[in-house]
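Undergrad: Got a file for you: run-v6.cif, mmCIF, C-alpha atoms.
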```
data_data
#
loop_
_atom_site.label_atom_id
_atom_site.label_comp_id
_atom_site.auth_asym_id
_atom_site.auth_seq_id
_atom_site.Cartn_x
_atom_site.Cartn_y
_atom_site.Cartn_z
CA MET A 39 -19.47 12.44 21.46
CA ALA A 40 -18.13 9.23 22.93
CA TYR A 41 -19.18 5.74 24.02
CA GLU A 42 -18.19 4.36 27.43
CA VAL A 43 -17.47 0.65 27.81
CA ASN A 44 -15.93 -0.77 31.01
CA GLY A 45 -14.61 2.66 31.98
CA LYS A 46 -12.97 3.14 28.60
CA SER A 47 -14.00 5.95 26.29
CA PHE A 48 -14.46 5.56 22.51
CA GLU A 49 -14.73 8.77 20.52
CA SER A 50 -17.48 9.06 17.89
CA ASP A 51 -18.71 11.74 15.47
CA GLU A 52 -21.90 13.70 16.08
CA GLU A 53 -23.98 10.96 14.46
CA GLY A 54 -22.44 8.21 16.57
CA TYR A 55 -20.01 6.73 14.05
CA LEU A 56 -16.78 5.54 15.64
CA ILE A 57 -13.74 7.74 14.89
CA ASP A 58 -11.04 5.08 15.18
CA ILE A 59 -12.20 1.90 13.50
CA GLY A 60 -9.26 0.05 15.04
CA SER A 61 -10.61 0.63 18.56
CA TRP A 62 -13.80 -1.37 17.89
CA ASN A 63 -14.72 -4.43 19.95
CA GLU A 64 -17.82 -6.58 20.36
CA GLU A 65 -18.88 -5.05 23.68
CA LEU A 66 -18.77 -1.62 22.08
CA ALA A 67 -20.85 -2.98 19.17
CA ASP A 68 -23.46 -4.18 21.66
CA LEU A 69 -23.61 -0.72 23.21
CA ILE A 70 -23.94 1.07 19.86
CA ALA A 71 -26.66 -1.42 18.91
CA LYS A 72 -28.53 -0.65 22.12
CA ASP A 73 -28.47 3.06 21.22
CA GLU A 74 -29.99 2.06 17.88
CA GLU A 75 -32.63 -0.02 19.70
CA ILE A 76 -31.34 -3.25 18.23
CA ASP A 77 -30.82 -6.49 20.16
CA MET A 78 -27.90 -8.23 18.55
CA THR A 79 -28.72 -11.77 17.40
CA ASP A 80 -26.51 -14.19 15.47
CA GLU A 81 -28.14 -12.89 12.29
CA HIS A 82 -27.14 -9.32 13.16
CA TRP A 83 -23.59 -10.44 13.90
CA GLU A 84 -23.37 -12.20 10.54
CA VAL A 85 -24.04 -8.92 8.75
CA VAL A 86 -21.83 -6.82 11.06
CA ASN A 87 -18.93 -9.24 10.72
CA PHE A 88 -19.44 -9.37 6.99
CA LEU A 89 -19.24 -5.56 6.84
CA ARG A 90 -16.01 -5.52 8.82
CA GLU A 91 -14.44 -8.15 6.59
CA TYR A 92 -15.59 -6.28 3.49
CA TYR A 93 -14.18 -3.01 4.82
CA ASN A 94 -10.87 -4.64 5.69
CA GLU A 95 -10.56 -6.02 2.21
CA TYR A 96 -11.81 -3.06 0.14
CA GLN A 97 -11.34 -0.04 2.47
CA ILE A 98 -14.89 1.19 1.99
CA ALA A 99 -18.33 0.08 3.14
CA PRO A 100 -20.43 -1.57 0.45
CA ALA A 101 -23.42 0.13 -1.19
CA VAL A 102 -26.73 -1.40 -0.10
CA ARG A 103 -27.08 -3.14 -3.43
CA VAL A 104 -23.60 -4.60 -3.13
CA LEU A 105 -24.33 -5.63 0.44
CA VAL A 106 -27.50 -7.45 -0.61
CA LYS A 107 -25.67 -9.24 -3.41
CA ALA A 108 -22.69 -10.12 -1.28
CA VAL A 109 -24.83 -11.38 1.61
CA LYS A 110 -26.75 -13.53 -0.87
CA LYS A 111 -23.49 -15.00 -2.12
CA LYS A 112 -22.08 -15.60 1.32
CA LEU A 113 -25.08 -16.34 3.57
CA GLY A 114 -27.60 -17.80 1.12
CA ALA A 115 -30.44 -16.61 -1.11
CA ASP A 116 -32.99 -16.33 1.74
CA LYS A 117 -30.82 -13.72 3.45
CA GLY A 118 -29.80 -11.85 0.32
CA SER A 119 -32.73 -9.46 0.09
CA ASN A 120 -33.45 -5.86 0.99
CA LYS A 121 -36.36 -7.11 3.10
CA TYR A 122 -34.21 -9.40 5.24
CA LEU A 123 -31.63 -6.69 5.88
CA TYR A 124 -34.26 -4.06 6.70
CA GLU A 125 -35.90 -6.45 9.15
CA LEU A 126 -32.60 -6.71 10.99
CA PHE A 127 -31.72 -3.01 10.66
CA PRO A 128 -34.99 -1.09 10.28
CA TYR A 129 -33.35 2.32 9.90
CA GLY A 130 -31.25 1.17 6.95
CA PRO A 131 -28.76 -1.69 6.83
CA ALA A 132 -25.93 0.42 5.44
CA LYS A 133 -26.27 3.17 8.04
CA GLN A 134 -27.12 1.17 11.15
CA ALA A 135 -25.04 -1.92 10.54
CA CYS A 136 -22.01 0.18 9.58
CA LYS A 137 -22.36 2.18 12.77
CA ILE A 138 -22.52 -0.98 14.88
CA ALA A 139 -19.56 -2.42 12.94
CA GLY A 140 -17.53 0.68 13.83
CA LEU A 141 -17.17 1.77 10.20
CA PRO A 142 -17.43 5.34 8.91
CA LYS A 143 -20.80 6.53 7.64
CA PRO A 144 -21.29 5.28 4.08
CA THR A 145 -20.65 8.18 1.72
CA GLY A 146 -23.05 7.33 -1.10
CA CYS A 147 -26.81 7.30 -0.91
CA VAL A 148 -26.85 4.17 -3.04
CA MET B 93 -37.65 8.81 9.48
CA ALA B 94 -38.19 5.10 9.09
CA GLU B 95 -37.03 3.99 5.68
CA THR B 96 -39.18 1.69 3.64
CA GLU B 97 -37.77 -0.92 1.34
CA ILE B 98 -36.08 0.73 -1.59
CA GLU B 99 -36.32 -0.65 -5.09
CA PHE B 100 -34.32 0.87 -7.92
CA ASP B 101 -36.04 0.59 -11.25
CA THR B 102 -33.52 1.49 -13.91
CA ALA B 103 -34.54 -1.15 -16.42
CA GLY B 104 -34.17 -0.08 -20.01
CA ILE B 105 -31.70 2.71 -19.39
CA THR B 106 -28.26 1.37 -20.06
CA LYS B 107 -25.51 3.50 -21.50
CA LYS B 108 -21.90 2.97 -22.39
CA PHE B 109 -19.77 4.76 -19.83
CA MET B 110 -16.02 5.21 -20.01
CA TYR B 111 -13.99 6.29 -17.01
CA VAL B 112 -10.63 7.73 -18.00
CA ASN B 113 -8.04 7.70 -15.21
CA ARG B 114 -4.93 9.75 -16.02
CA LYS B 115 -3.58 10.89 -12.64
CA ALA B 116 -1.44 9.09 -10.09
CA PRO B 117 -3.19 8.39 -6.77
CA TYR B 118 -2.79 10.51 -3.57
CA GLY B 119 -1.25 13.64 -5.19
CA THR B 120 -4.67 14.87 -6.28
CA ILE B 121 -8.27 13.88 -5.58
CA TYR B 122 -9.02 12.89 -9.21
CA ALA B 123 -8.36 9.15 -8.85
CA LEU B 124 -10.58 8.72 -5.80
CA GLU B 125 -13.40 10.81 -7.29
CA VAL B 126 -13.45 8.79 -10.52
CA LEU B 127 -13.38 5.56 -8.51
CA GLU B 128 -16.46 6.67 -6.56
CA ALA B 129 -18.23 7.50 -9.81
CA VAL B 130 -17.44 4.01 -11.12
CA LEU B 131 -18.92 2.41 -8.01
CA ILE B 132 -22.11 4.46 -8.40
CA SER B 133 -22.32 3.41 -12.03
CA ALA B 134 -22.27 -0.21 -10.85
CA ALA B 135 -25.29 0.45 -8.64
CA PHE B 136 -27.26 1.39 -11.75
CA GLU B 137 -25.96 -1.55 -13.79
CA GLN B 138 -24.43 0.49 -16.58
CA HIS B 139 -21.86 -0.66 -19.12
CA ALA B 140 -18.43 0.55 -18.09
CA CYS B 141 -14.95 0.71 -19.55
CA ILE B 142 -12.53 1.65 -16.80
CA VAL B 143 -9.38 2.88 -18.48
CA PHE B 144 -5.97 3.69 -17.05
CA ILE B 145 -3.83 6.04 -19.13
CA ASP B 146 -0.68 8.10 -18.42
CA ASP B 147 0.05 8.28 -14.65
CA GLY B 148 -3.39 6.77 -14.04
CA VAL B 149 -1.74 3.36 -14.38
CA TYR B 150 -0.12 3.96 -10.97
CA GLN B 151 -3.58 3.91 -9.34
CA ILE B 152 -3.65 0.12 -9.59
CA LYS B 153 0.02 -0.60 -8.94
CA LYS B 154 0.64 -3.41 -6.46
CA GLY B 155 2.35 -2.86 -3.13
CA GLN B 156 0.88 0.51 -2.11
CA ASN B 157 1.32 1.30 1.58
CA THR B 158 -0.07 4.62 2.76
CA ASP B 159 0.38 4.12 6.51
CA ALA B 160 3.11 6.72 6.83
CA VAL B 161 1.33 9.39 4.77
CA ASN B 162 -1.86 9.04 6.80
CA MET B 163 -4.15 8.46 3.82
CA LYS B 164 -6.45 5.58 2.97
CA ASN B 165 -4.91 3.00 0.64
CA PHE B 166 -7.72 2.90 -1.89
CA SER B 167 -5.87 0.61 -4.29
CA LYS B 168 -7.71 -2.14 -2.39
CA THR B 169 -11.05 -0.63 -3.40
CA TYR B 170 -10.37 -1.45 -7.06
CA GLY B 171 -11.04 -5.05 -5.98
CA ILE B 172 -14.72 -4.09 -6.01
CA ILE B 173 -14.44 -3.17 -9.68
CA ALA B 174 -12.89 -6.57 -10.40
CA MET B 175 -15.74 -8.19 -8.45
CA GLU B 176 -18.40 -6.18 -10.32
CA LYS B 177 -16.83 -7.19 -13.61
CA GLU B 178 -16.88 -10.83 -12.54
CA ASP B 179 -20.57 -10.54 -11.62
CA ALA B 180 -21.37 -8.85 -14.90
CA ASP B 181 -19.54 -11.58 -16.82
CA GLU B 182 -21.19 -14.44 -14.92
CA ASP B 183 -24.77 -13.22 -14.53
CA GLU B 184 -26.64 -13.94 -17.75
CA ASP B 185 -29.71 -11.99 -16.58
CA MET B 186 -27.68 -8.84 -16.17
CA ASP B 187 -27.04 -6.72 -19.26
CA MET B 188 -23.86 -5.12 -18.07
CA VAL B 189 -20.52 -5.28 -19.84
CA TRP B 190 -17.46 -4.16 -17.91
CA ARG B 191 -13.91 -3.88 -19.20
CA ILE B 192 -10.80 -2.88 -17.29
CA ILE B 193 -8.18 -1.54 -19.67
CA VAL B 194 -4.61 -0.27 -19.37
CA GLU B 195 -3.10 1.59 -22.31
CA LYS B 196 -0.04 -0.31 -23.47
CA GLU B 197 2.03 2.79 -24.30
CA SER B 198 1.47 4.38 -20.87
CA MET B 199 2.28 1.14 -19.07
CA GLU B 200 5.49 0.54 -21.01
CA ALA B 201 6.62 4.16 -20.72
CA ARG B 202 6.59 3.67 -16.93
CA GLY B 203 8.46 0.37 -16.99
CA LEU B 204 5.42 -1.60 -15.84
CA THR B 205 3.87 -4.87 -16.98
CA ALA B 206 0.40 -6.40 -16.53
CA ASP B 207 1.78 -8.34 -13.53
CA ASP B 208 2.33 -5.09 -11.63
CA PHE B 209 -1.39 -4.41 -11.13
CA VAL B 210 -3.71 -5.31 -8.25
CA ILE B 211 -6.46 -6.42 -10.65
CA ASP B 212 -6.55 -8.28 -13.98
CA VAL B 213 -6.53 -5.85 -16.89
CA GLU B 214 -6.66 -5.90 -20.67
CA VAL B 215 -3.57 -4.22 -22.09
CA ILE B 216 -4.59 -2.42 -25.27
CA ALA B 217 -2.55 -0.25 -27.67
CA SER B 218 -3.55 3.39 -28.19
CA THR B 219 -4.92 3.02 -31.73
CA GLU B 220 -7.37 0.33 -30.66
CA LEU B 221 -8.21 2.15 -27.43
CA ALA B 222 -8.98 5.33 -29.40
CA ALA B 223 -11.58 3.37 -31.37
CA ILE B 224 -13.14 2.01 -28.16
CA MET B 225 -13.26 5.52 -26.71
CA ALA B 226 -14.98 6.86 -29.83
CA GLU B 227 -17.85 4.38 -29.31
CA GLN B 228 -18.74 5.61 -25.82
CA GLU B 229 -21.87 7.52 -24.93
CA ILE B 230 -20.60 9.15 -21.74
CA VAL B 231 -16.99 9.78 -20.78
CA ILE B 232 -15.97 10.79 -17.27
CA SER B 233 -12.34 11.86 -16.97
CA GLY B 234 -9.94 12.48 -14.18
CA MET C 76 -16.68 12.67 -30.00
CA LEU C 77 -15.34 16.11 -29.14
CA HIS C 78 -11.99 16.28 -27.35
CA THR C 79 -11.14 19.26 -25.15
CA ILE C 80 -7.68 20.09 -23.76
CA ASN C 81 -7.33 22.58 -20.91
CA LYS C 82 -3.65 22.18 -19.98
CA SER C 83 -0.57 23.85 -21.45
CA PRO C 84 1.39 21.55 -23.80
CA PHE C 85 4.58 22.96 -22.24
CA GLU C 86 3.65 21.75 -18.77
CA ARG C 87 1.52 18.61 -19.21
CA ASN C 88 1.11 15.71 -21.59
CA SER C 89 -2.62 16.32 -22.23
CA LEU C 90 -2.07 17.30 -25.87
CA ASP C 91 0.12 14.23 -26.54
CA SER C 92 -2.34 11.87 -24.90
CA CYS C 93 -5.25 13.41 -26.76
CA LEU C 94 -3.49 13.00 -30.11
CA ARG C 95 -2.57 9.40 -29.30
CA LEU C 96 -6.11 8.44 -28.27
CA SER C 97 -8.43 10.33 -30.60
CA VAL C 98 -9.66 8.80 -33.84
CA LYS C 99 -9.05 10.56 -37.15
CA GLY C 100 -11.67 13.18 -37.91
CA SER C 101 -12.69 13.93 -34.33
CA PRO C 102 -12.52 17.64 -33.50
CA ILE C 103 -10.22 19.05 -30.81
CA LEU C 104 -11.02 22.21 -28.85
CA LEU C 105 -8.30 24.03 -26.89
CA ILE C 106 -9.59 25.82 -23.77
CA GLU C 107 -8.09 27.55 -20.70
CA ASP C 108 -4.29 26.94 -20.60
CA GLY C 109 -4.74 24.55 -23.52
CA VAL C 110 -4.97 27.58 -25.84
CA LEU C 111 -1.19 28.04 -25.53
CA ALA C 112 -0.81 25.19 -28.04
CA ALA C 113 -2.50 27.33 -30.69
CA THR C 114 0.22 30.00 -30.89
CA ARG C 115 2.66 30.25 -33.81
CA GLY C 116 6.33 29.45 -33.66
CA THR C 117 6.43 27.26 -30.55
CA SER C 118 8.09 23.94 -29.82
CA VAL C 119 4.74 22.23 -30.42
CA SER C 120 3.88 24.01 -33.68
CA ASP C 121 5.01 21.10 -35.88
CA LYS C 122 3.05 18.65 -33.77
CA MET C 123 -0.04 20.85 -34.06
CA ALA C 124 0.38 21.16 -37.84
CA THR C 125 0.53 17.37 -38.17
CA ALA C 126 -2.48 16.97 -35.85
CA MET C 127 -4.49 19.32 -38.05
CA ASN C 128 -4.16 16.87 -40.95
CA ASP C 129 -6.34 14.48 -38.94
CA HIS C 130 -8.46 16.75 -36.71
CA PRO C 131 -10.51 19.92 -37.11
CA MET C 132 -8.86 22.23 -34.53
CA PHE C 133 -10.64 24.92 -32.50
CA VAL C 134 -9.52 27.37 -29.83
CA MET C 135 -11.51 29.42 -27.31
CA GLY C 136 -11.20 33.15 -28.13
CA PRO C 137 -12.01 34.42 -24.60
CA ASP C 138 -9.21 32.25 -23.18
CA LEU C 139 -6.74 33.58 -25.79
CA GLN C 140 -7.70 37.18 -25.00
CA ALA C 141 -7.37 36.61 -21.26
CA ARG C 142 -3.79 35.45 -21.85
CA GLY C 143 -2.91 38.35 -24.13
CA ILE C 144 -2.66 36.24 -27.26
CA ALA C 145 -3.83 38.23 -30.27
CA GLY C 146 -5.77 36.61 -33.09
CA ASP C 147 -2.88 37.05 -35.52
CA SER C 148 -0.55 34.93 -33.36
CA VAL C 149 -2.85 31.93 -33.73
CA ALA C 150 -1.46 29.37 -36.17
CA ASP C 151 -3.15 28.98 -39.57
CA GLY C 152 -5.90 26.40 -39.76
CA ILE C 153 -7.12 26.81 -36.19
CA THR C 154 -10.65 28.18 -35.86
CA VAL C 155 -11.19 30.71 -33.07
CA ILE C 156 -14.62 30.30 -31.44
CA ASP C 157 -16.58 31.81 -28.52
CA TYR C 158 -18.78 30.19 -25.87
CA GLY C 159 -21.66 29.87 -28.31
CA GLY C 160 -19.35 28.02 -30.67
CA PHE C 161 -18.36 25.67 -27.83
CA VAL C 162 -22.04 24.86 -27.29
CA ASP C 163 -22.50 24.23 -31.02
CA LEU C 164 -19.57 21.78 -31.03
CA VAL C 165 -20.98 19.87 -28.05
CA VAL C 166 -24.44 19.72 -29.63
CA GLU C 167 -22.97 18.49 -32.90
CA HIS C 168 -20.64 15.86 -31.45
CA GLY C 169 -22.44 14.67 -28.30
CA THR C 170 -19.91 12.92 -26.17
CA VAL C 171 -17.01 14.96 -24.79
CA GLN C 172 -13.68 13.67 -23.53
CA SER C 173 -11.81 16.24 -21.41
CA TRP C 174 -8.03 15.89 -21.34
CA LEU C 175 -7.41 17.42 -17.94
#
```
Taking this structure as input, can you express it in the form of structure tokens?

TA:
Amino acid sequence: MAYEVNGKSFESDEEGYLIDIGSWNEELADLIAKDEEIDMTDEHWEVVNFLREYYNEYQIAPAVRVLVKAVKKKLGADKGSNKYLYELFPYGPAKQACKIAGLPKPTGCV
Amino acid sequence: MAETEIEFDTAGITKKFMYVNRKAPYGTIYALEVLEAVLISAAFEQHACIVFIDDGVYQIKKGQNTDAVNMKNFSKTYGIIAMEKEDADEDEDMDMVWRIIVEKESMEARGLTADDFVIDVEVIASTELAAIMAEQEIVISG
Amino acid sequence: MLHTINKSPFERNSLDSCLRLSVKGSPILLIEDGVLAATRGTSVSDKMATAMNDHPMFVMGPDLQARGIAGDSVADGITVIDYGGFVDLVVEHGTVQSWL
């Protein structure tokens, strides 16, 4: 599989996760989001950018629980809940937000 | 396959886990597998002693660069363990004690000091570490 | 706590690390290539004899047989057990640390 943005092709796995995380850009993120039926708002970008920063620092995507805690720490208590993240990413914050952020599929189910 | 909000109720079940790391990173899969187990243990708010013995001390050595061997530099991932420990120490509502320990004899045998590691560790001599190990309820080794 | 060792003492440091990090009185079970430490007259025999002052020492019979080590070449003081005996040790001592 692959995504096409401005005539450029970005390879993905069969579930739509980007193969080369270095090739990610914001236009591509918009396209992946569209496939996931998500309109990217500032709130979505906050989470996606947080995931990319987290991945850069720790080399893995956070578990949902870690994501909730970390978002709470960084973006405030009102945003640090499962509910808030599921409202933004209804099919699972870890799975959907990671895909949009160009990160590999989270390995754990926690 | 819409997912509803997930709540984990693990209250009341807290055990003392020890993770024994004895292998250098990259040569075998042990180090990475134990690290993943530690991260899962954090999700369930368990007590954890993460111990580095023998060549395991190389897992947290500073300055790792895996670009040329085409593998992920997971020494950075140990930062999550340091962060979890910090959370456990700070959060009074959370009953979770984490310790990160390097065995003194293994460290010294390899010419290393506590400053050589990517995270803050307790350096503990084997006799004392043996006593800590004997108190554990579950030991996961690699 | 029960300690198990499954590596040869001639190839790895599992035996040394186990002896350094096990408290007095805790049993040690040699399995797989670890059983090589149980044989008489080796370069680790003295170390094993000293260890047995502090630890009950067991060795897996099926692993000895597989490697052609007869019962009479096992050093004195080491108890040869079978899989059932392994289970009994785990039940008795609960937590297991595997020196891999």

Undergrad: Run the PyMOL selection byres ((chain A) within 6 of (chain B)) against the file shown and list the residues it catches, as number ranges by chain.

TA: A: 96-97, 129

Undergrad: Quick check on the file I pasted: which residues fall under the PyMOL selection byres ((chain B and resi 225-229) around 6)? Write them as a ChimeraX atom specification.

TA: /B:108,222-224,230 /C:170

Undergrad: Kindly provide, as an mmCIF file with C-alpha atoms, in the frame of the given file, the residues of chain B having any atom no farther than 12 Å from an atom of chain C, counting all atoms listed in the file.

TA:
```cif
data_model
loop_
_atom_site.group_PDB
_atom_site.id
_atom_site.type_symbol
_atom_site.label_atom_id
_atom_site.label_comp_id
_atom_site.auth_asym_id
_atom_site.auth_seq_id
_atom_site.Cartn_x
_atom_site.Cartn_y
_atom_site.Cartn_z
ATOM 1 C CA LYS B 107 -25.510 3.500 -21.500
ATOM 2 C CA LYS B 108 -21.900 2.970 -22.390
ATOM 3 C CA PHE B 109 -19.770 4.760 -19.830
ATOM 4 C CA MET B 110 -16.020 5.210 -20.010
ATOM 5 C CA TYR B 111 -13.990 6.290 -17.010
ATOM 6 C CA VAL B 112 -10.630 7.730 -18.000
ATOM 7 C CA ASN B 113 -8.040 7.700 -15.210
ATOM 8 C CA ARG B 114 -4.930 9.750 -16.020
ATOM 9 C CA LYS B 115 -3.580 10.890 -12.640
ATOM 10 C CA TYR B 122 -9.020 12.890 -9.210
ATOM 11 C CA VAL B 143 -9.380 2.880 -18.480
ATOM 12 C CA PHE B 144 -5.970 3.690 -17.050
ATOM 13 C CA ILE B 145 -3.830 6.040 -19.130
ATOM 14 C CA ASP B 146 -0.680 8.100 -18.420
ATOM 15 C CA ASP B 147 0.050 8.280 -14.650
ATOM 16 C CA GLU B 195 -3.100 1.590 -22.310
ATOM 17 C CA LYS B 196 -0.040 -0.310 -23.470
ATOM 18 C CA GLU B 197 2.030 2.790 -24.300
ATOM 19 C CA SER B 198 1.470 4.380 -20.870
ATOM 20 C CA ILE B 216 -4.590 -2.420 -25.270
ATOM 21 C CA ALA B 217 -2.550 -0.250 -27.670
ATOM 22 C CA SER B 218 -3.550 3.390 -28.190
ATOM 23 C CA THR B 219 -4.920 3.020 -31.730
ATOM 24 C CA GLU B 220 -7.370 0.330 -30.660
ATOM 25 C CA LEU B 221 -8.210 2.150 -27.430
ATOM 26 C CA ALA B 222 -8.980 5.330 -29.400
ATOM 27 C CA ALA B 223 -11.580 3.370 -31.370
ATOM 28 C CA ILE B 224 -13.140 2.010 -28.160
ATOM 29 C CA MET B 225 -13.260 5.520 -26.710
ATOM 30 C CA ALA B 226 -14.980 6.860 -29.830
ATOM 31 C CA GLU B 227 -17.850 4.380 -29.310
ATOM 32 C CA GLN B 228 -18.740 5.610 -25.820
ATOM 33 C CA GLU B 229 -21.870 7.520 -24.930
ATOM 34 C CA ILE B 230 -20.600 9.150 -21.740
ATOM 35 C CA VAL B 231 -16.990 9.780 -20.780
ATOM 36 C CA ILE B 232 -15.970 10.790 -17.270
ATOM 37 C CA SER B 233 -12.340 11.860 -16.970
ATOM 38 C CA GLY B 234 -9.940 12.480 -14.180
#
```

Undergrad: Apply the PyMOL selection byres ((chain C and resi 148) around 6) to the structure shown and report the selected residues as a short mmCIF file (atom, residue, chain, number, x, y, z; two decimals) with C-alpha atoms, keeping the file's coordinate frame.

TA:
```cif
data_model
loop_
_atom_site.label_atom_id
_atom_site.label_comp_id
_atom_site.auth_asym_id
_atom_site.auth_seq_id
_atom_site.Cartn_x
_atom_site.Cartn_y
_atom_site.Cartn_z
CA THR C 114 0.22 30.00 -30.89
CA ARG C 115 2.66 30.25 -33.81
CA ALA C 145 -3.83 38.23 -30.27
CA GLY C 146 -5.77 36.61 -33.09
CA ASP C 147 -2.88 37.05 -35.52
CA VAL C 149 -2.85 31.93 -33.73
#
```

Undergrad: Give me the residues near Gly60 of chain A as a ChimeraX atom specification, where near means some atom within 12 Å (using only C-alpha atoms) and where sequence neighbours in that chain fewer than 2 positions away do not count.

TA: /A:48-49,56-58,62-63,66,90,93-94,139-142

Undergrad: To one decimal in Å, tell me the separation between atom CA of Glu86 of chain C and atom CA of Gln151 of chain B.

TA: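 For atom CA of Glu86 of chain C relative to atom CA of Gln151 of chain B, the distance reads 21.4 Å.
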
Undergrad: To one decimal place in Å, what is the distance between atom CA of Asn81 of chain C and atom CA of Glu200 of chain B?

TA: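 The value is 25.5 Å.
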
Undergrad: Quick one, how far is atom CA of Glu42 of chain A from atom CA of Ala99 of chain A?

TA: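 For atom CA of Glu42 of chain A relative to atom CA of Ala99 of chain A, the distance reads 24.7 Å.
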
Undergrad: Skipping near chain neighbours, those fewer than 3 positions away, what residues fall within 10 Å of Glu64 of chain A using all atoms listed in the file, listed as a ChimeraX atom specification?

TA: /A:67-70,83,138-140

Undergrad: If we count only C-alpha atoms, what is near Gly159 of chain C at a cut-off of 12 Å, once residues fewer than 4 positions away on the same chain are taken out, given as an NGL selection string?

TA: :C and (135-137 or 155 or 163-166)

Undergrad: Could you pull the residues within 8 Å of segment 102-118 of chain A, counting only C-alpha atoms, minus those fewer than 5 positions along the same chain, as a list of chain:residue names?

TA: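 So the residues in contact are A:Val85, A:Phe88, A:Leu123, A:Pro131, A:Ala132, A:Val148, B:Ala135.
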